[in-house]
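Student: One file is attached below, entry_29.txt, containing compact mmCIF, C-alpha atoms.
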```
# COMPACT_ATOMS: atom_id res chain seq x y z
CA MET O 25 6.96 11.37 -21.75
CA VAL O 26 8.32 10.07 -18.46
CA PRO O 27 10.63 7.04 -18.85
CA GLN O 28 9.46 3.82 -17.27
CA SER O 29 12.47 3.65 -14.97
CA TRP O 30 11.33 6.77 -13.11
CA TYR O 31 8.15 5.01 -12.04
CA LEU O 32 10.11 1.89 -11.12
CA VAL O 33 12.44 3.95 -8.92
CA VAL O 34 9.51 5.62 -7.14
CA ALA O 35 7.89 2.22 -6.55
CA ALA O 36 11.20 0.78 -5.27
CA VAL O 37 11.70 3.64 -2.81
CA LEU O 38 8.08 3.43 -1.64
CA PHE O 39 8.48 -0.33 -1.11
CA CYS O 40 11.62 0.15 0.98
CA ILE O 41 10.03 2.89 3.09
CA GLY O 42 7.16 0.50 3.79
CA LEU O 43 9.64 -2.28 4.59
CA TYR O 44 11.38 -0.05 7.12
CA GLY O 45 8.00 0.74 8.68
CA VAL O 46 7.17 -2.96 8.98
CA LEU O 47 10.53 -3.81 10.53
CA ALA O 48 10.97 -0.87 12.86
CA ARG O 49 7.62 0.38 14.14
CA ARG O 50 6.51 -0.40 17.67
CA ASN O 51 2.76 -0.01 17.19
CA ALA O 52 1.04 -2.93 15.45
CA ILE O 53 -1.25 -0.57 13.52
CA ALA O 54 1.80 1.35 12.25
CA VAL O 55 3.23 -1.98 11.03
CA LEU O 56 -0.01 -2.56 9.09
CA MET O 57 0.38 0.90 7.56
CA GLY O 58 3.86 -0.11 6.40
CA VAL O 59 2.35 -3.19 4.72
CA GLU O 60 -0.18 -0.98 2.95
CA LEU O 61 2.65 1.21 1.62
CA MET O 62 4.42 -1.90 0.28
CA LEU O 63 1.23 -3.10 -1.43
CA ASN O 64 0.85 0.34 -3.00
CA ALA O 65 4.40 0.13 -4.35
CA VAL O 66 3.67 -3.27 -5.89
CA ASN O 67 0.49 -1.93 -7.49
CA LEU O 68 2.36 1.04 -8.89
CA ASN O 69 4.83 -1.39 -10.47
CA LEU O 70 2.04 -3.50 -11.97
CA VAL O 71 0.32 -0.49 -13.50
CA THR O 72 3.64 0.87 -14.79
CA PHE O 73 4.47 -2.39 -16.55
CA TRP O 74 0.95 -2.55 -17.96
CA ARG O 75 1.21 0.99 -19.34
CA TYR O 76 4.68 0.69 -20.84
CA GLN O 77 4.90 -2.93 -21.96
CA GLU O 78 1.38 -4.05 -22.83
CA PRO O 79 -1.15 -1.20 -22.77
CA THR O 80 -3.51 -3.00 -25.14
CA GLY O 81 -3.96 -5.90 -22.69
CA VAL O 82 -5.72 -5.86 -19.34
CA THR O 83 -3.55 -8.21 -17.26
CA GLY O 84 -1.67 -5.51 -15.38
CA GLN O 85 -4.77 -3.63 -14.32
CA ALA O 86 -6.60 -6.86 -13.41
CA PHE O 87 -3.65 -7.93 -11.23
CA ALA O 88 -3.68 -4.54 -9.53
CA LEU O 89 -7.39 -4.97 -8.79
CA PHE O 90 -6.75 -8.35 -7.16
CA VAL O 91 -4.00 -6.77 -5.07
CA TYR O 92 -6.52 -4.16 -3.89
CA LEU O 93 -8.90 -6.90 -2.91
CA VAL O 94 -6.29 -8.82 -0.93
CA ALA O 95 -5.17 -5.56 0.70
CA ALA O 96 -8.72 -4.87 1.85
CA ALA O 97 -9.06 -8.39 3.26
CA GLU O 98 -5.65 -8.11 4.94
CA ALA O 99 -6.49 -4.77 6.55
CA ALA O 100 -9.83 -6.04 7.86
CA VAL O 101 -8.40 -9.24 9.38
CA GLY O 102 -5.27 -7.51 10.71
CA LEU O 103 -7.21 -4.76 12.43
CA ALA O 104 -9.68 -7.28 13.87
CA LEU O 105 -6.75 -9.20 15.38
CA ILE O 106 -5.25 -6.00 16.79
CA LEU O 107 -8.59 -5.02 18.34
CA THR O 108 -8.92 -8.46 19.94
CA ILE O 109 -5.40 -8.27 21.36
CA TRP O 110 -6.17 -4.78 22.63
CA ARG O 111 -9.23 -6.13 24.45
CA THR O 112 -7.40 -8.98 26.15
CA ARG O 113 -3.97 -7.41 26.77
CA ARG O 114 -4.64 -3.64 26.71
CA THR O 115 -1.68 -3.10 24.39
CA VAL O 116 -0.89 -2.78 20.71
CA VAL O 117 2.88 -2.69 21.29
CA LEU O 118 4.39 -5.61 19.41
CA GLU O 119 7.07 -6.25 22.04
CA GLU O 120 4.44 -6.79 24.72
CA ILE O 121 2.36 -9.23 22.66
CA ASP O 122 4.13 -12.43 23.75
CA LEU O 123 1.29 -14.82 24.54
CA LEU O 124 2.91 -17.63 22.56
CA LYS O 125 6.32 -17.22 24.18
CA GLY O 126 7.13 -20.22 26.40
CA MET C 10 10.88 19.61 -18.88
CA THR C 11 7.41 18.79 -20.05
CA LEU C 12 4.31 19.34 -17.96
CA GLU C 13 3.94 15.60 -17.53
CA GLN C 14 7.41 15.28 -16.03
CA ILE C 15 6.76 18.16 -13.65
CA LEU C 16 3.48 16.55 -12.54
CA PHE C 17 5.24 13.21 -12.16
CA LEU C 18 7.91 14.75 -9.91
CA LEU C 19 5.23 16.54 -7.89
CA PHE C 20 3.18 13.38 -7.28
CA ALA C 21 6.30 11.32 -6.63
CA ALA C 22 7.49 13.87 -4.06
CA ILE C 23 4.06 13.85 -2.35
CA THR C 24 3.98 10.04 -2.30
CA LEU C 25 7.51 9.48 -1.01
CA GLY C 26 7.59 12.43 1.40
CA ALA C 27 4.30 11.42 2.99
CA ALA C 28 5.42 7.76 3.10
CA LEU C 29 8.59 8.79 4.96
CA MET C 30 6.49 10.67 7.48
CA VAL C 31 4.29 7.57 7.90
CA VAL C 32 7.22 5.51 9.13
CA LEU C 33 9.05 8.28 11.00
CA ARG C 34 6.31 10.14 12.90
CA ARG C 35 6.03 8.84 16.43
CA ASN C 36 2.34 9.77 16.66
CA VAL C 37 0.41 6.96 14.95
CA PHE C 38 -2.55 9.19 14.20
CA HIS C 39 -0.37 11.69 12.31
CA ALA C 40 1.18 8.73 10.50
CA ALA C 41 -2.31 7.63 9.37
CA LEU C 42 -3.05 11.11 8.01
CA PHE C 43 0.24 11.13 6.10
CA MET C 44 -0.61 7.67 4.78
CA ILE C 45 -3.79 9.13 3.24
CA LEU C 46 -1.66 11.83 1.58
CA SER C 47 0.69 9.16 0.25
CA PHE C 48 -2.23 7.17 -1.21
CA PHE C 49 -3.41 10.36 -2.87
CA GLY C 50 0.00 10.81 -4.50
CA VAL C 51 -0.14 7.24 -5.84
CA ALA C 52 -3.60 7.97 -7.28
CA GLY C 53 -2.07 10.95 -9.08
CA LEU C 54 0.62 8.70 -10.54
CA TYR C 55 -2.13 6.34 -11.79
CA VAL C 56 -3.75 9.26 -13.59
CA LEU C 57 -0.40 10.03 -15.24
CA LEU C 58 -0.17 6.35 -16.23
CA GLU C 59 -3.55 6.72 -17.95
CA ALA C 60 -5.30 4.30 -15.61
CA PRO C 61 -8.10 6.59 -14.34
CA PHE C 62 -10.21 3.64 -13.19
CA LEU C 63 -7.44 2.46 -10.86
CA ALA C 64 -6.98 6.03 -9.63
CA ALA C 65 -10.67 6.10 -8.68
CA VAL C 66 -10.40 2.67 -7.07
CA GLN C 67 -7.35 3.91 -5.15
CA LEU C 68 -9.32 6.87 -3.78
CA ILE C 69 -12.42 4.81 -2.94
CA ILE C 70 -10.87 1.64 -1.51
CA TYR C 71 -7.66 2.92 0.05
CA ILE C 72 -8.63 6.39 1.25
CA GLY C 73 -12.34 5.74 1.64
CA GLY C 74 -12.03 2.26 3.10
CA ILE C 75 -8.68 1.08 4.42
CA ALA C 76 -7.47 4.45 5.74
CA ILE C 77 -10.75 5.08 7.57
CA LEU C 78 -10.59 1.55 9.02
CA ILE C 79 -7.07 2.24 10.28
CA VAL C 80 -8.10 5.59 11.80
CA PHE C 81 -10.95 3.81 13.62
CA ALA C 82 -8.58 1.15 14.92
CA ILE C 83 -6.16 3.82 16.17
CA MET C 84 -8.96 5.59 18.01
CA LEU C 85 -10.20 2.35 19.56
CA THR C 86 -6.72 1.37 20.79
CA ARG C 87 -5.36 4.78 21.59
CA ASP C 88 -2.90 4.67 24.47
CA LEU C 89 0.51 5.28 22.96
CA MET C 90 0.28 9.04 22.76
CA ASN C 91 2.51 9.62 25.75
CA PRO C 92 5.88 10.98 24.61
CA ASN C 93 8.00 8.61 26.69
CA ILE C 94 7.40 5.70 24.32
CA PRO C 95 9.51 5.93 21.14
CA GLY C 96 7.78 5.12 17.87
CA ALA C 97 10.40 2.63 16.70
CA ILE C 98 11.69 -0.48 18.43
CA ASP C 99 15.43 -0.97 18.95
CA GLN C 100 15.57 -3.08 15.81
CA TRP C 101 15.46 0.09 13.71
CA LYS C 102 19.26 0.19 13.87
CA TRP C 103 19.47 -2.81 11.57
CA ALA C 104 16.12 -2.32 9.86
CA ALA C 105 17.30 0.99 8.40
CA PRO C 106 20.46 -0.43 6.73
CA VAL C 107 18.46 -3.40 5.39
CA ALA C 108 15.85 -1.10 3.86
CA LEU C 109 18.49 1.26 2.46
CA LEU C 110 20.49 -1.62 0.96
CA LEU C 111 17.41 -3.13 -0.69
CA CYS C 112 16.45 0.33 -1.91
CA ALA C 113 19.88 0.88 -3.48
CA MET C 114 19.75 -2.55 -5.16
CA LEU C 115 16.26 -1.99 -6.54
CA ILE C 116 17.11 1.48 -7.84
CA TRP C 117 20.29 0.11 -9.43
CA MET C 118 18.18 -2.53 -11.18
CA ALA C 119 15.40 -0.13 -12.19
CA LEU C 120 17.66 2.55 -13.67
CA GLY C 121 18.34 1.98 -17.29
CA TRP C 122 15.69 -0.73 -17.43
CA GLY C 123 12.34 -0.55 -19.15
CA ARG C 124 11.17 1.57 -22.04
CA ALA C 125 11.62 5.28 -22.56
CA THR C 126 8.15 5.57 -24.05
CA PRO C 127 5.07 3.28 -23.82
CA ALA C 128 4.80 0.45 -26.32
CA ALA C 129 1.46 1.71 -27.61
CA PRO C 130 -1.22 4.24 -26.72
CA VAL C 131 -3.92 3.06 -24.33
CA PRO C 132 -6.97 1.97 -26.38
CA ASP C 133 -10.16 3.94 -25.82
CA ASN C 134 -12.09 0.86 -24.72
CA SER C 135 -9.48 -0.16 -22.12
CA LEU C 136 -11.91 -0.07 -19.19
CA HIS C 137 -14.59 -1.88 -21.21
CA LEU C 138 -12.04 -4.58 -22.03
CA LEU C 139 -11.04 -4.90 -18.36
CA GLY C 140 -14.64 -5.30 -17.25
CA ARG C 141 -15.36 -7.89 -19.92
CA THR C 142 -12.22 -9.88 -19.09
CA LEU C 143 -13.08 -10.01 -15.39
CA VAL C 144 -16.40 -11.77 -16.02
CA ASP C 145 -15.39 -13.70 -19.14
CA ALA C 146 -15.19 -17.46 -18.64
CA GLU C 147 -12.25 -17.53 -21.07
CA GLY C 148 -10.63 -14.68 -19.18
CA LEU C 149 -10.42 -14.03 -15.46
CA ALA C 150 -13.88 -15.10 -14.28
CA LEU C 151 -12.56 -17.91 -12.05
CA PRO C 152 -9.89 -15.80 -10.27
CA PHE C 153 -12.51 -13.07 -9.92
CA GLU C 154 -14.97 -15.40 -8.20
CA VAL C 155 -12.28 -16.93 -6.02
CA ALA C 156 -11.25 -13.42 -4.99
CA SER C 157 -14.86 -12.63 -4.11
CA VAL C 158 -15.02 -15.71 -1.89
CA LEU C 159 -11.70 -14.72 -0.30
CA LEU C 160 -13.06 -11.27 0.52
CA LEU C 161 -16.27 -12.73 1.95
CA VAL C 162 -14.37 -15.23 4.11
CA ALA C 163 -11.94 -12.56 5.28
CA LEU C 164 -14.71 -10.18 6.29
CA ILE C 165 -16.72 -12.87 8.11
CA GLY C 166 -13.50 -13.94 9.78
CA ALA C 167 -12.73 -10.36 10.80
CA VAL C 168 -16.19 -9.98 12.35
CA THR C 169 -15.80 -13.31 14.16
CA VAL C 170 -12.35 -12.47 15.49
CA ALA C 171 -13.25 -8.97 16.63
CA ARG C 172 -16.60 -9.89 18.18
CA GLU C 173 -17.06 -9.20 21.87
CA ARG C 174 -17.28 -12.49 23.78
```
Using structure tokens, write down the structure from this file.

Tutor:
Amino acid sequence: MVPQSWYLVVAAVLFCIGLYGVLARRNAIAVLMGVELMLNAVNLNLVTFWRYQEPTGVTGQAFALFVYLVAAAEAAVGLALILTIWRTRRTVVLEEIDLLKG
Amino acid sequence: MTLEQILFLLFAAITLGAALMVVLRRNVFHAALFMILSFFGVAGLYVLLEAPFLAAVQLIIYIGGIAILIVFAIMLTRDLMNPNIPGAIDQWKWAAPVALLLCAMLIWMALGWGRATPAAPVPDNSLHLLGRTLVDAEGLALPFEVASVLLLVALIGAVTVARER
């Protein structure tokens, strides 16, 4: 059997890779992809804790399902915003999206 | 090493390797393809964790839904393919140490924590129980309905925001 800490380490590394993507990428869509990686890491953690600590309950899996739902909503709204910005500014580069800058 | 550990290492390597390529590839389209591979690795880990329903949901929602949505968005906004534009902004010089530091801290916390083996085997009716809890008024029916409304509002909002004026 694989120890729980192995899964936790994988989730931690996945989260930090996603964090780097969010902080460092230039393309807004690539930033969204980083967010998706972070959400996946969180889900992996939830399922790991469900499996190792309380496999007879359902809370961990139910939480993971809600995270999926929020991720889907977040992707839809985020991509809609990016498409709108693309239409008005012809760019998805975050540095060039400065409409609110005084 | 048992077969399970070998499979775990395989799926973990797929997940993390593909995730690294997602944030490091300059070409956003290649990054999206690697993201699909990474999601697939996570689905494999779910199977190892004996959560086959979540593995299926991972394949259907993430690969079938979100990844396709992202590929569409890349194709609709495609202009950054010219090689003169670097994939990362200048901030990466401090973003990388921040991510590495957090990673080291999290690994330090995770190692030696948790159980070596699961507390109990997964009951056979686990999925049945999950489905019942989600629509049970004593269980998670209210969060479930609120989540449905959130999804509806988000999708209507997305259509409204993205509509051609």

Student: May I have a table of the residues of chain O lying at most 6 Å from chain C, giving each one's closest pair of atoms and their distance in Å to one decimal, counting only C-alpha atoms, ordered by chain and ascending residue number, as a Markdown table?

Tutor:
```
| residue | atom | partner | partner_atom | distance |
| --- | --- | --- | --- | --- |
| O:Val26 | CA | C:Gln14 | CA | 5.8 |
| O:Pro27 | CA | C:Ala125 | CA | 4.2 |
| O:Gln28 | CA | C:Arg124 | CA | 5.5 |
| O:Ser29 | CA | C:Leu120 | CA | 5.5 |
| O:Leu32 | CA | C:Ala119 | CA | 5.8 |
| O:Val33 | CA | C:Ile116 | CA | 5.4 |
| O:Ala36 | CA | C:Leu115 | CA | 5.9 |
| O:Val37 | CA | C:Cys112 | CA | 5.9 |
| O:Cys40 | CA | C:Ala108 | CA | 5.3 |
| O:Tyr44 | CA | C:Ala108 | CA | 5.6 |
| O:Gly45 | CA | C:Val32 | CA | 4.9 |
| O:Leu47 | CA | C:Ala104 | CA | 5.8 |
| O:Ala48 | CA | C:Trp101 | CA | 4.7 |
| O:Arg49 | CA | C:Ala97 | CA | 4.4 |
| O:Arg50 | CA | C:Ala97 | CA | 5.0 |
| O:Tyr76 | CA | C:Pro127 | CA | 4.0 |
| O:Gln77 | CA | C:Ala128 | CA | 5.5 |
| O:Pro79 | CA | C:Val131 | CA | 5.3 |
| O:Val82 | CA | C:Leu139 | CA | 5.5 |
| O:Ala97 | CA | C:Ala163 | CA | 5.5 |
| O:Ala100 | CA | C:Ala167 | CA | 6.0 |
| O:Val101 | CA | C:Ala167 | CA | 4.7 |
| O:Ala104 | CA | C:Ala171 | CA | 4.8 |
| O:Thr108 | CA | C:Ala171 | CA | 5.5 |
```

Student: Give, as AutoDock Vina command-line options, the centre coordinates and the x, y and z edge lengths in Å to one decimal for an axis-aligned box around all listed atoms of stretch 108-111 of chain O, padded by 3 Å on each side.

Tutor:
```
--center_x -7.3 --center_y -6.6 --center_z 22.2 --size_x 9.8 --size_y 9.7 --size_z 10.5
```

Student: Would you kindly return, as a list in words, each protein, DNA or RNA residue with an atom no farther than 10 Å from any atom of stretch 119-124 of chain O, considering only C-alpha atoms and excluding same-chain residues fewer than 2 positions away?

Tutor: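 Here the qualifying residues turn out to be Arg50, Asn51, Ala52, Ile109, Trp110, Arg113, Arg114, Thr115, Val116, Val117 and Gly126 of chain O; Ile98 of chain C.
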
Student: Please indicate the distance in Å from atom CA of O:Glu60 to atom CA of O:Glu98, rounded to one decimal place.

Tutor: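 Calculated distance between atom CA of O:Glu60 and atom CA of O:Glu98 is 9.2 Å.
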
Student: Could you state the separation of atom CA of O:Ile53 and atom CA of O:Leu103 in Å, given to one decimal place?

Tutor: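 Straight-line distance from atom CA of O:Ile53 to atom CA of O:Leu103 works out to 7.4 Å.
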
Student: Interatomic distance between atom CA of O:Phe39 and atom CA of C:Val155?

Tutor: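 Rounded to one decimal, the two atoms are 27.0 Å apart.
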